[in-house]
Amino acid sequence: MKHAYIFPGQGAQFPGMGKNLYEQNETAKALFEHANTILGFRITDIMFGGTDAELKQTNVTQPAIFLHSVIQFLTTPDLQPEMVAGHSLGEFSALIANKALSFEDGLKLVANVQLPCSVRAR
């Protein structure tokens, strides 16, 4: 049987998203902590314990949804879909799942963090 994996876009956020992943999976925890470093703030504090209003801020919402989706995908054992797709913001997560973009560069694009010249549009 063939499987497809479809990633959500903005609007899929919810308080507490990713907390179970962080607490139960060492790889997920390491990826979340790496994301905190890349972003320059502890997005995990907002994702796991912030208010709905804090989570709805675009500078938080987009990287939070990206992180939740990608880290869930990367830490799910034996997940090998034949196809990946994403709705709006979810397209970036699909690129990571398809190994067309690195985790770090995908997060930077979603969060609008300065990228190396080789990745930026010219």
# chains A, B, ... in the order shown; residues from 1 in each chain; ligands from 1
>>> select_by_dssp(residues="chain A", states="strand (DSSP E)", output="list in words")
Ala4, Tyr5, Ile6, Phe7, Met83, Val84, Ala85 and Gly86 of chain A
>>> residues_around(residues="A:Ser93", least_positions_apart="6", cutoff="12 Å", atoms="only C-alpha atoms", output="ChimeraX atom specification")
/A:5-10,62-74,84-87,99-107,109-110
>>> write_last_selection(atoms="N, CA, C and O atoms", output="tab-separated table (two decimals), in the first residue's frame")
chain	number	residue	atom	x	y	z
A	5	TYR	N	1.94	11.79	2.86
A	5	TYR	CA	1.99	12.55	4.10
A	5	TYR	C	1.73	14.01	3.73
A	5	TYR	O	2.47	14.57	2.91
A	6	ILE	N	0.70	14.62	4.30
A	6	ILE	CA	0.33	15.99	3.98
A	6	ILE	C	0.51	16.86	5.22
A	6	ILE	O	-0.02	16.55	6.29
A	7	PHE	N	1.27	17.94	5.06
A	7	PHE	CA	1.59	18.83	6.17
A	7	PHE	C	0.64	20.02	6.21
A	7	PHE	O	0.33	20.60	5.17
A	8	PRO	N	0.22	20.43	7.42
A	8	PRO	CA	-0.73	21.54	7.55
A	8	PRO	C	-0.07	22.90	7.42
A	8	PRO	O	1.15	23.05	7.59
A	9	GLY	N	-0.90	23.89	7.18
A	9	GLY	CA	-0.45	25.27	7.11
A	9	GLY	C	-0.84	26.03	8.37
A	9	GLY	O	-1.28	25.44	9.36
A	10	GLN	N	-0.68	27.34	8.30
A	10	GLN	CA	-0.99	28.19	9.45
A	10	GLN	C	-2.46	28.03	9.83
A	10	GLN	O	-3.32	27.92	8.98
A	62	GLN	N	4.27	30.39	12.58
A	62	GLN	CA	4.83	29.70	11.41
A	62	GLN	C	5.97	28.77	11.78
A	62	GLN	O	5.94	27.60	11.40
A	63	PRO	N	6.99	29.22	12.54
A	63	PRO	CA	8.02	28.26	12.91
A	63	PRO	C	7.50	27.16	13.84
A	63	PRO	O	7.96	26.02	13.77
A	64	ALA	N	6.50	27.46	14.67
A	64	ALA	CA	5.95	26.44	15.58
A	64	ALA	C	5.28	25.32	14.79
A	64	ALA	O	5.49	24.12	15.07
A	65	ILE	N	4.46	25.66	13.83
A	65	ILE	CA	3.79	24.65	13.01
A	65	ILE	C	4.82	23.86	12.22
A	65	ILE	O	4.76	22.63	12.14
A	66	PHE	N	5.78	24.56	11.63
A	66	PHE	CA	6.86	23.90	10.89
A	66	PHE	C	7.58	22.90	11.79
A	66	PHE	O	7.77	21.74	11.42
A	67	LEU	N	8.00	23.34	12.98
A	67	LEU	CA	8.74	22.47	13.89
A	67	LEU	C	7.92	21.26	14.31
A	67	LEU	O	8.41	20.13	14.29
A	68	HIS	N	6.68	21.49	14.69
A	68	HIS	CA	5.84	20.39	15.12
A	68	HIS	C	5.69	19.36	14.00
A	68	HIS	O	5.86	18.16	14.22
A	69	SER	N	5.41	19.82	12.80
A	69	SER	CA	5.22	18.93	11.66
A	69	SER	C	6.49	18.17	11.31
A	69	SER	O	6.47	16.94	11.16
A	70	VAL	N	7.57	18.90	11.17
A	70	VAL	CA	8.83	18.27	10.73
A	70	VAL	C	9.37	17.33	11.79
A	70	VAL	O	9.80	16.21	11.48
A	71	ILE	N	9.36	17.75	13.04
A	71	ILE	CA	9.91	16.89	14.10
A	71	ILE	C	9.04	15.65	14.28
A	71	ILE	O	9.56	14.55	14.48
A	72	GLN	N	7.74	15.79	14.17
A	72	GLN	CA	6.87	14.61	14.22
A	72	GLN	C	7.22	13.66	13.08
A	72	GLN	O	7.35	12.45	13.28
A	73	PHE	N	7.41	14.19	11.89
A	73	PHE	CA	7.77	13.36	10.74
A	73	PHE	C	9.12	12.68	10.95
A	73	PHE	O	9.24	11.47	10.74
A	74	LEU	N	10.12	13.45	11.35
A	74	LEU	CA	11.47	12.91	11.49
A	74	LEU	C	11.62	11.89	12.61
A	74	LEU	O	12.54	11.07	12.57
A	84	VAL	N	4.80	13.36	-0.54
A	84	VAL	CA	4.57	14.35	0.50
A	84	VAL	C	4.03	15.62	-0.15
A	84	VAL	O	4.33	15.91	-1.31
A	85	ALA	N	3.22	16.34	0.60
A	85	ALA	CA	2.65	17.60	0.11
A	85	ALA	C	2.37	18.47	1.33
A	85	ALA	O	2.38	18.00	2.46
A	86	GLY	N	2.14	19.73	1.09
A	86	GLY	CA	1.83	20.63	2.19
A	86	GLY	C	0.91	21.73	1.74
A	86	GLY	O	0.95	22.19	0.60
A	87	HIS	N	0.07	22.15	2.65
A	87	HIS	CA	-0.83	23.27	2.42
A	87	HIS	C	-0.13	24.54	2.86
A	87	HIS	O	0.23	24.68	4.03
A	99	LYS	N	13.61	15.62	1.61
A	99	LYS	CA	15.06	15.83	1.64
A	99	LYS	C	15.54	16.79	0.56
A	99	LYS	O	16.67	16.71	0.09
A	100	ALA	N	14.67	17.72	0.18
A	100	ALA	CA	15.05	18.75	-0.80
A	100	ALA	C	15.60	19.99	-0.11
A	100	ALA	O	16.17	20.85	-0.76
A	101	LEU	N	15.42	20.08	1.20
A	101	LEU	CA	15.84	21.23	1.98
A	101	LEU	C	16.25	20.73	3.36
A	101	LEU	O	15.62	19.81	3.90
A	102	SER	N	17.27	21.33	3.94
A	102	SER	CA	17.70	20.92	5.28
A	102	SER	C	16.75	21.47	6.35
A	102	SER	O	16.07	22.48	6.13
A	103	PHE	N	16.74	20.81	7.49
A	103	PHE	CA	15.95	21.26	8.63
A	103	PHE	C	16.29	22.71	8.97
A	103	PHE	O	15.42	23.56	9.14
A	104	GLU	N	17.60	23.00	9.05
A	104	GLU	CA	18.05	24.33	9.44
A	104	GLU	C	17.62	25.40	8.44
A	104	GLU	O	17.10	26.44	8.83
A	105	ASP	N	17.84	25.14	7.16
A	105	ASP	CA	17.47	26.13	6.15
A	105	ASP	C	15.95	26.29	6.05
A	105	ASP	O	15.45	27.40	5.86
A	106	GLY	N	15.21	25.20	6.20
A	106	GLY	CA	13.75	25.30	6.20
A	106	GLY	C	13.26	26.17	7.34
A	106	GLY	O	12.40	27.04	7.15
A	107	LEU	N	13.80	25.96	8.53
A	107	LEU	CA	13.40	26.77	9.69
A	107	LEU	C	13.76	28.23	9.47
A	107	LEU	O	12.96	29.12	9.77
A	109	LEU	N	14.07	29.82	6.64
A	109	LEU	CA	13.16	30.39	5.64
A	109	LEU	C	11.80	30.73	6.25
A	109	LEU	O	11.25	31.79	6.04
A	110	VAL	N	11.27	29.80	7.02
A	110	VAL	CA	9.96	29.99	7.64
A	110	VAL	C	10.00	31.14	8.65
A	110	VAL	O	9.05	31.91	8.74
>>> select_by_dssp(residues="chain A", states="alpha helix (DSSP H)", output="PDB file with N, CA and C atoms, in the first residue's frame")
ATOM      1  N   LYS A  19       4.841  19.250  22.908  1.00  0.00           N
ATOM      2  CA  LYS A  19       5.354  18.988  24.258  1.00  0.00           C
ATOM      3  C   LYS A  19       5.586  17.500  24.502  1.00  0.00           C
ATOM      4  N   ASN A  20       4.642  16.652  24.087  1.00  0.00           N
ATOM      5  CA  ASN A  20       4.825  15.207  24.266  1.00  0.00           C
ATOM      6  C   ASN A  20       6.035  14.695  23.496  1.00  0.00           C
ATOM      7  N   LEU A  21       6.217  15.186  22.274  1.00  0.00           N
ATOM      8  CA  LEU A  21       7.392  14.805  21.488  1.00  0.00           C
ATOM      9  C   LEU A  21       8.669  15.159  22.245  1.00  0.00           C
ATOM     10  N   TYR A  22       8.729  16.380  22.733  1.00  0.00           N
ATOM     11  CA  TYR A  22       9.899  16.879  23.449  1.00  0.00           C
ATOM     12  C   TYR A  22      10.199  16.024  24.679  1.00  0.00           C
ATOM     13  N   GLU A  23       9.166  15.700  25.422  1.00  0.00           N
ATOM     14  CA  GLU A  23       9.345  14.970  26.684  1.00  0.00           C
ATOM     15  C   GLU A  23       9.612  13.481  26.494  1.00  0.00           C
ATOM     16  N   GLN A  24       9.180  12.909  25.385  1.00  0.00           N
ATOM     17  CA  GLN A  24       9.253  11.460  25.214  1.00  0.00           C
ATOM     18  C   GLN A  24      10.277  10.975  24.197  1.00  0.00           C
ATOM     19  N   GLU A  26      14.217  11.721  22.665  1.00  0.00           N
ATOM     20  CA  GLU A  26      15.479  12.468  22.769  1.00  0.00           C
ATOM     21  C   GLU A  26      15.858  13.155  21.464  1.00  0.00           C
ATOM     22  N   THR A  27      15.578  12.528  20.334  1.00  0.00           N
ATOM     23  CA  THR A  27      15.867  13.157  19.045  1.00  0.00           C
ATOM     24  C   THR A  27      15.002  14.394  18.862  1.00  0.00           C
ATOM     25  N   ALA A  28      13.728  14.277  19.201  1.00  0.00           N
ATOM     26  CA  ALA A  28      12.826  15.426  19.108  1.00  0.00           C
ATOM     27  C   ALA A  28      13.306  16.542  20.022  1.00  0.00           C
ATOM     28  N   LYS A  29      13.679  16.206  21.233  1.00  0.00           N
ATOM     29  CA  LYS A  29      14.164  17.213  22.186  1.00  0.00           C
ATOM     30  C   LYS A  29      15.386  17.936  21.619  1.00  0.00           C
ATOM     31  N   ALA A  30      16.308  17.196  21.041  1.00  0.00           N
ATOM     32  CA  ALA A  30      17.509  17.803  20.464  1.00  0.00           C
ATOM     33  C   ALA A  30      17.156  18.724  19.295  1.00  0.00           C
ATOM     34  N   LEU A  31      16.217  18.325  18.464  1.00  0.00           N
ATOM     35  CA  LEU A  31      15.795  19.160  17.335  1.00  0.00           C
ATOM     36  C   LEU A  31      15.108  20.440  17.815  1.00  0.00           C
ATOM     37  N   PHE A  32      14.243  20.327  18.820  1.00  0.00           N
ATOM     38  CA  PHE A  32      13.594  21.517  19.380  1.00  0.00           C
ATOM     39  C   PHE A  32      14.634  22.466  19.976  1.00  0.00           C
ATOM     40  N   GLU A  33      15.598  21.928  20.697  1.00  0.00           N
ATOM     41  CA  GLU A  33      16.633  22.782  21.303  1.00  0.00           C
ATOM     42  C   GLU A  33      17.500  23.426  20.224  1.00  0.00           C
ATOM     43  N   HIS A  34      17.792  22.696  19.170  1.00  0.00           N
ATOM     44  CA  HIS A  34      18.540  23.253  18.044  1.00  0.00           C
ATOM     45  C   HIS A  34      17.746  24.402  17.418  1.00  0.00           C
ATOM     46  N   ALA A  35      16.445  24.226  17.296  1.00  0.00           N
ATOM     47  CA  ALA A  35      15.573  25.280  16.754  1.00  0.00           C
ATOM     48  C   ALA A  35      15.588  26.514  17.650  1.00  0.00           C
ATOM     49  N   ASN A  36      15.559  26.324  18.958  1.00  0.00           N
ATOM     50  CA  ASN A  36      15.639  27.460  19.882  1.00  0.00           C
ATOM     51  C   ASN A  36      16.904  28.277  19.619  1.00  0.00           C
ATOM     52  N   THR A  37      18.000  27.593  19.390  1.00  0.00           N
ATOM     53  CA  THR A  37      19.277  28.252  19.117  1.00  0.00           C
ATOM     54  C   THR A  37      19.233  29.008  17.787  1.00  0.00           C
ATOM     55  N   ILE A  38      18.733  28.358  16.749  1.00  0.00           N
ATOM     56  CA  ILE A  38      18.648  28.986  15.430  1.00  0.00           C
ATOM     57  C   ILE A  38      17.775  30.237  15.484  1.00  0.00           C
ATOM     58  N   LEU A  39      16.645  30.141  16.167  1.00  0.00           N
ATOM     59  CA  LEU A  39      15.697  31.248  16.219  1.00  0.00           C
ATOM     60  C   LEU A  39      16.146  32.385  17.133  1.00  0.00           C
ATOM     61  N   ILE A  43      11.339  29.209  21.495  1.00  0.00           N
ATOM     62  CA  ILE A  43      10.012  28.992  20.927  1.00  0.00           C
ATOM     63  C   ILE A  43       9.298  27.864  21.665  1.00  0.00           C
ATOM     64  N   THR A  44      10.060  26.925  22.206  1.00  0.00           N
ATOM     65  CA  THR A  44       9.447  25.817  22.942  1.00  0.00           C
ATOM     66  C   THR A  44       8.675  26.314  24.158  1.00  0.00           C
ATOM     67  N   ASP A  45       9.144  27.367  24.799  1.00  0.00           N
ATOM     68  CA  ASP A  45       8.413  27.907  25.958  1.00  0.00           C
ATOM     69  C   ASP A  45       7.016  28.369  25.541  1.00  0.00           C
ATOM     70  N   ILE A  46       6.929  28.984  24.371  1.00  0.00           N
ATOM     71  CA  ILE A  46       5.632  29.465  23.879  1.00  0.00           C
ATOM     72  C   ILE A  46       4.782  28.298  23.385  1.00  0.00           C
ATOM     73  N   MET A  47       5.416  27.380  22.641  1.00  0.00           N
ATOM     74  CA  MET A  47       4.669  26.229  22.120  1.00  0.00           C
ATOM     75  C   MET A  47       4.088  25.371  23.237  1.00  0.00           C
ATOM     76  N   PHE A  48       4.881  25.125  24.249  1.00  0.00           N
ATOM     77  CA  PHE A  48       4.476  24.189  25.306  1.00  0.00           C
ATOM     78  C   PHE A  48       3.659  24.836  26.417  1.00  0.00           C
ATOM     79  N   GLY A  49       3.889  26.124  26.688  1.00  0.00           N
ATOM     80  CA  GLY A  49       3.211  26.738  27.824  1.00  0.00           C
ATOM     81  C   GLY A  49       2.648  28.117  27.587  1.00  0.00           C
ATOM     82  N   ASP A  52      -2.831  31.046  23.808  1.00  0.00           N
ATOM     83  CA  ASP A  52      -3.298  30.972  22.433  1.00  0.00           C
ATOM     84  C   ASP A  52      -2.920  32.251  21.684  1.00  0.00           C
ATOM     85  N   ALA A  53      -3.048  33.387  22.346  1.00  0.00           N
ATOM     86  CA  ALA A  53      -2.712  34.673  21.727  1.00  0.00           C
ATOM     87  C   ALA A  53      -1.224  34.760  21.390  1.00  0.00           C
ATOM     88  N   GLU A  54      -0.369  34.288  22.284  1.00  0.00           N
ATOM     89  CA  GLU A  54       1.070  34.298  22.016  1.00  0.00           C
ATOM     90  C   GLU A  54       1.401  33.392  20.827  1.00  0.00           C
ATOM     91  N   LEU A  55       0.752  32.260  20.774  1.00  0.00           N
ATOM     92  CA  LEU A  55       1.013  31.283  19.713  1.00  0.00           C
ATOM     93  C   LEU A  55       0.502  31.755  18.357  1.00  0.00           C
ATOM     94  N   THR A  58       2.439  35.697  14.184  1.00  0.00           N
ATOM     95  CA  THR A  58       3.016  35.087  12.981  1.00  0.00           C
ATOM     96  C   THR A  58       4.463  34.666  13.170  1.00  0.00           C
ATOM     97  N   ASN A  59       5.257  35.479  13.870  1.00  0.00           N
ATOM     98  CA  ASN A  59       6.669  35.125  14.067  1.00  0.00           C
ATOM     99  C   ASN A  59       6.841  33.894  14.949  1.00  0.00           C
ATOM    100  N   VAL A  60       5.785  33.494  15.636  1.00  0.00           N
ATOM    101  CA  VAL A  60       5.805  32.281  16.452  1.00  0.00           C
ATOM    102  C   VAL A  60       5.043  31.161  15.744  1.00  0.00           C
ATOM    103  N   THR A  61       3.864  31.471  15.228  1.00  0.00           N
ATOM    104  CA  THR A  61       2.991  30.467  14.625  1.00  0.00           C
ATOM    105  C   THR A  61       3.671  29.685  13.517  1.00  0.00           C
ATOM    106  N   GLN A  62       4.270  30.395  12.575  1.00  0.00           N
ATOM    107  CA  GLN A  62       4.826  29.704  11.414  1.00  0.00           C
ATOM    108  C   GLN A  62       5.975  28.774  11.781  1.00  0.00           C
ATOM    109  N   PRO A  63       6.988  29.224  12.540  1.00  0.00           N
ATOM    110  CA  PRO A  63       8.019  28.257  12.907  1.00  0.00           C
ATOM    111  C   PRO A  63       7.497  27.157  13.839  1.00  0.00           C
ATOM    112  N   ALA A  64       6.503  27.458  14.674  1.00  0.00           N
ATOM    113  CA  ALA A  64       5.954  26.437  15.579  1.00  0.00           C
ATOM    114  C   ALA A  64       5.276  25.317  14.791  1.00  0.00           C
ATOM    115  N   ILE A  65       4.464  25.664  13.831  1.00  0.00           N
ATOM    116  CA  ILE A  65       3.793  24.647  13.010  1.00  0.00           C
ATOM    117  C   ILE A  65       4.824  23.862  12.218  1.00  0.00           C
ATOM    118  N   PHE A  66       5.777  24.556  11.628  1.00  0.00           N
ATOM    119  CA  PHE A  66       6.859  23.902  10.892  1.00  0.00           C
ATOM    120  C   PHE A  66       7.580  22.901  11.790  1.00  0.00           C
ATOM    121  N   LEU A  67       7.998  23.344  12.976  1.00  0.00           N
ATOM    122  CA  LEU A  67       8.739  22.470  13.892  1.00  0.00           C
ATOM    123  C   LEU A  67       7.917  21.259  14.312  1.00  0.00           C
ATOM    124  N   HIS A  68       6.680  21.495  14.688  1.00  0.00           N
ATOM    125  CA  HIS A  68       5.835  20.385  15.117  1.00  0.00           C
ATOM    126  C   HIS A  68       5.690  19.357  14.004  1.00  0.00           C
ATOM    127  N   SER A  69       5.414  19.824  12.799  1.00  0.00           N
ATOM    128  CA  SER A  69       5.215  18.926  11.662  1.00  0.00           C
ATOM    129  C   SER A  69       6.486  18.168  11.309  1.00  0.00           C
ATOM    130  N   VAL A  70       7.574  18.895  11.167  1.00  0.00           N
ATOM    131  CA  VAL A  70       8.828  18.273  10.730  1.00  0.00           C
ATOM    132  C   VAL A  70       9.374  17.325  11.791  1.00  0.00           C
ATOM    133  N   ILE A  71       9.364  17.751  13.042  1.00  0.00           N
ATOM    134  CA  ILE A  71       9.910  16.893  14.097  1.00  0.00           C
ATOM    135  C   ILE A  71       9.043  15.653  14.281  1.00  0.00           C
ATOM    136  N   GLN A  72       7.739  15.792  14.168  1.00  0.00           N
ATOM    137  CA  GLN A  72       6.865  14.611  14.219  1.00  0.00           C
ATOM    138  C   GLN A  72       7.224  13.656  13.083  1.00  0.00           C
ATOM    139  N   PHE A  73       7.406  14.189  11.889  1.00  0.00           N
ATOM    140  CA  PHE A  73       7.766  13.361  10.736  1.00  0.00           C
ATOM    141  C   PHE A  73       9.115  12.678  10.950  1.00  0.00           C
ATOM    142  N   LEU A  74      10.117  13.447  11.354  1.00  0.00           N
ATOM    143  CA  LEU A  74      11.474  12.907  11.492  1.00  0.00           C
ATOM    144  C   LEU A  74      11.616  11.889  12.608  1.00  0.00           C
ATOM    145  N   GLY A  90       2.876  24.468   5.003  1.00  0.00           N
ATOM    146  CA  GLY A  90       3.218  23.055   5.027  1.00  0.00           C
ATOM    147  C   GLY A  90       4.099  22.612   3.873  1.00  0.00           C
ATOM    148  N   GLU A  91       4.173  23.432   2.828  1.00  0.00           N
ATOM    149  CA  GLU A  91       5.051  23.102   1.695  1.00  0.00           C
ATOM    150  C   GLU A  91       6.507  23.045   2.147  1.00  0.00           C
ATOM    151  N   PHE A  92       6.893  23.885   3.095  1.00  0.00           N
ATOM    152  CA  PHE A  92       8.266  23.852   3.604  1.00  0.00           C
ATOM    153  C   PHE A  92       8.537  22.549   4.351  1.00  0.00           C
ATOM    154  N   SER A  93       7.574  22.099   5.127  1.00  0.00           N
ATOM    155  CA  SER A  93       7.728  20.824   5.834  1.00  0.00           C
ATOM    156  C   SER A  93       7.848  19.676   4.842  1.00  0.00           C
ATOM    157  N   ALA A  94       7.076  19.736   3.767  1.00  0.00           N
ATOM    158  CA  ALA A  94       7.137  18.700   2.735  1.00  0.00           C
ATOM    159  C   ALA A  94       8.516  18.677   2.077  1.00  0.00           C
ATOM    160  N   LEU A  95       9.120  19.837   1.886  1.00  0.00           N
ATOM    161  CA  LEU A  95      10.468  19.891   1.304  1.00  0.00           C
ATOM    162  C   LEU A  95      11.495  19.216   2.212  1.00  0.00           C
ATOM    163  N   ILE A  96      11.338  19.368   3.519  1.00  0.00           N
ATOM    164  CA  ILE A  96      12.238  18.707   4.470  1.00  0.00           C
ATOM    165  C   ILE A  96      12.009  17.197   4.406  1.00  0.00           C
ATOM    166  N   ALA A  97      10.760  16.786   4.418  1.00  0.00           N
ATOM    167  CA  ALA A  97      10.434  15.353   4.382  1.00  0.00           C
ATOM    168  C   ALA A  97      10.952  14.707   3.103  1.00  0.00           C
ATOM    169  N   PHE A 103      16.739  20.814   7.487  1.00  0.00           N
ATOM    170  CA  PHE A 103      15.950  21.261   8.630  1.00  0.00           C
ATOM    171  C   PHE A 103      16.294  22.707   8.972  1.00  0.00           C
ATOM    172  N   GLU A 104      17.602  23.000   9.055  1.00  0.00           N
ATOM    173  CA  GLU A 104      18.053  24.331   9.445  1.00  0.00           C
ATOM    174  C   GLU A 104      17.622  25.396   8.439  1.00  0.00           C
ATOM    175  N   ASP A 105      17.839  25.137   7.155  1.00  0.00           N
ATOM    176  CA  ASP A 105      17.467  26.129   6.147  1.00  0.00           C
ATOM    177  C   ASP A 105      15.953  26.294   6.055  1.00  0.00           C
ATOM    178  N   GLY A 106      15.212  25.203   6.204  1.00  0.00           N
ATOM    179  CA  GLY A 106      13.753  25.299   6.203  1.00  0.00           C
ATOM    180  C   GLY A 106      13.258  26.168   7.344  1.00  0.00           C
ATOM    181  N   LEU A 107      13.803  25.961   8.529  1.00  0.00           N
ATOM    182  CA  LEU A 107      13.404  26.765   9.691  1.00  0.00           C
ATOM    183  C   LEU A 107      13.758  28.233   9.474  1.00  0.00           C
ATOM    184  N   LYS A 108      14.935  28.486   8.947  1.00  0.00           N
ATOM    185  CA  LYS A 108      15.345  29.874   8.694  1.00  0.00           C
ATOM    186  C   LYS A 108      14.441  30.542   7.671  1.00  0.00           C
ATOM    187  N   LEU A 109      14.069  29.823   6.638  1.00  0.00           N
ATOM    188  CA  LEU A 109      13.158  30.395   5.641  1.00  0.00           C
ATOM    189  C   LEU A 109      11.800  30.726   6.254  1.00  0.00           C
ATOM    190  N   VAL A 110      11.271  29.797   7.016  1.00  0.00           N
ATOM    191  CA  VAL A 110       9.961  29.987   7.640  1.00  0.00           C
ATOM    192  C   VAL A 110       9.996  31.137   8.645  1.00  0.00           C
ATOM    193  N   ALA A 111      11.094  31.255   9.376  1.00  0.00           N
ATOM    194  CA  ALA A 111      11.210  32.287  10.407  1.00  0.00           C
ATOM    195  C   ALA A 111      11.812  33.583   9.875  1.00  0.00           C
TER     196      ALA A 111
END
>>> closest_residue(among="A:Gln80, A:Asn112, A:Ser88, A:Asn98", to="A:Lys2", atoms="only C-alpha atoms")
A:Gln80
>>> atom_distance(atom1="atom CA of A:Met83", atom2="atom CA of A:Ala4")
4.6 Å
>>> atom_distance(atom1="atom CA of A:Met17", atom2="atom CA of A:Thr51")
11.5 Å
>>> atom_distance(atom1="atom CA of A:Thr75", atom2="atom CA of A:Gly18")
11.7 Å
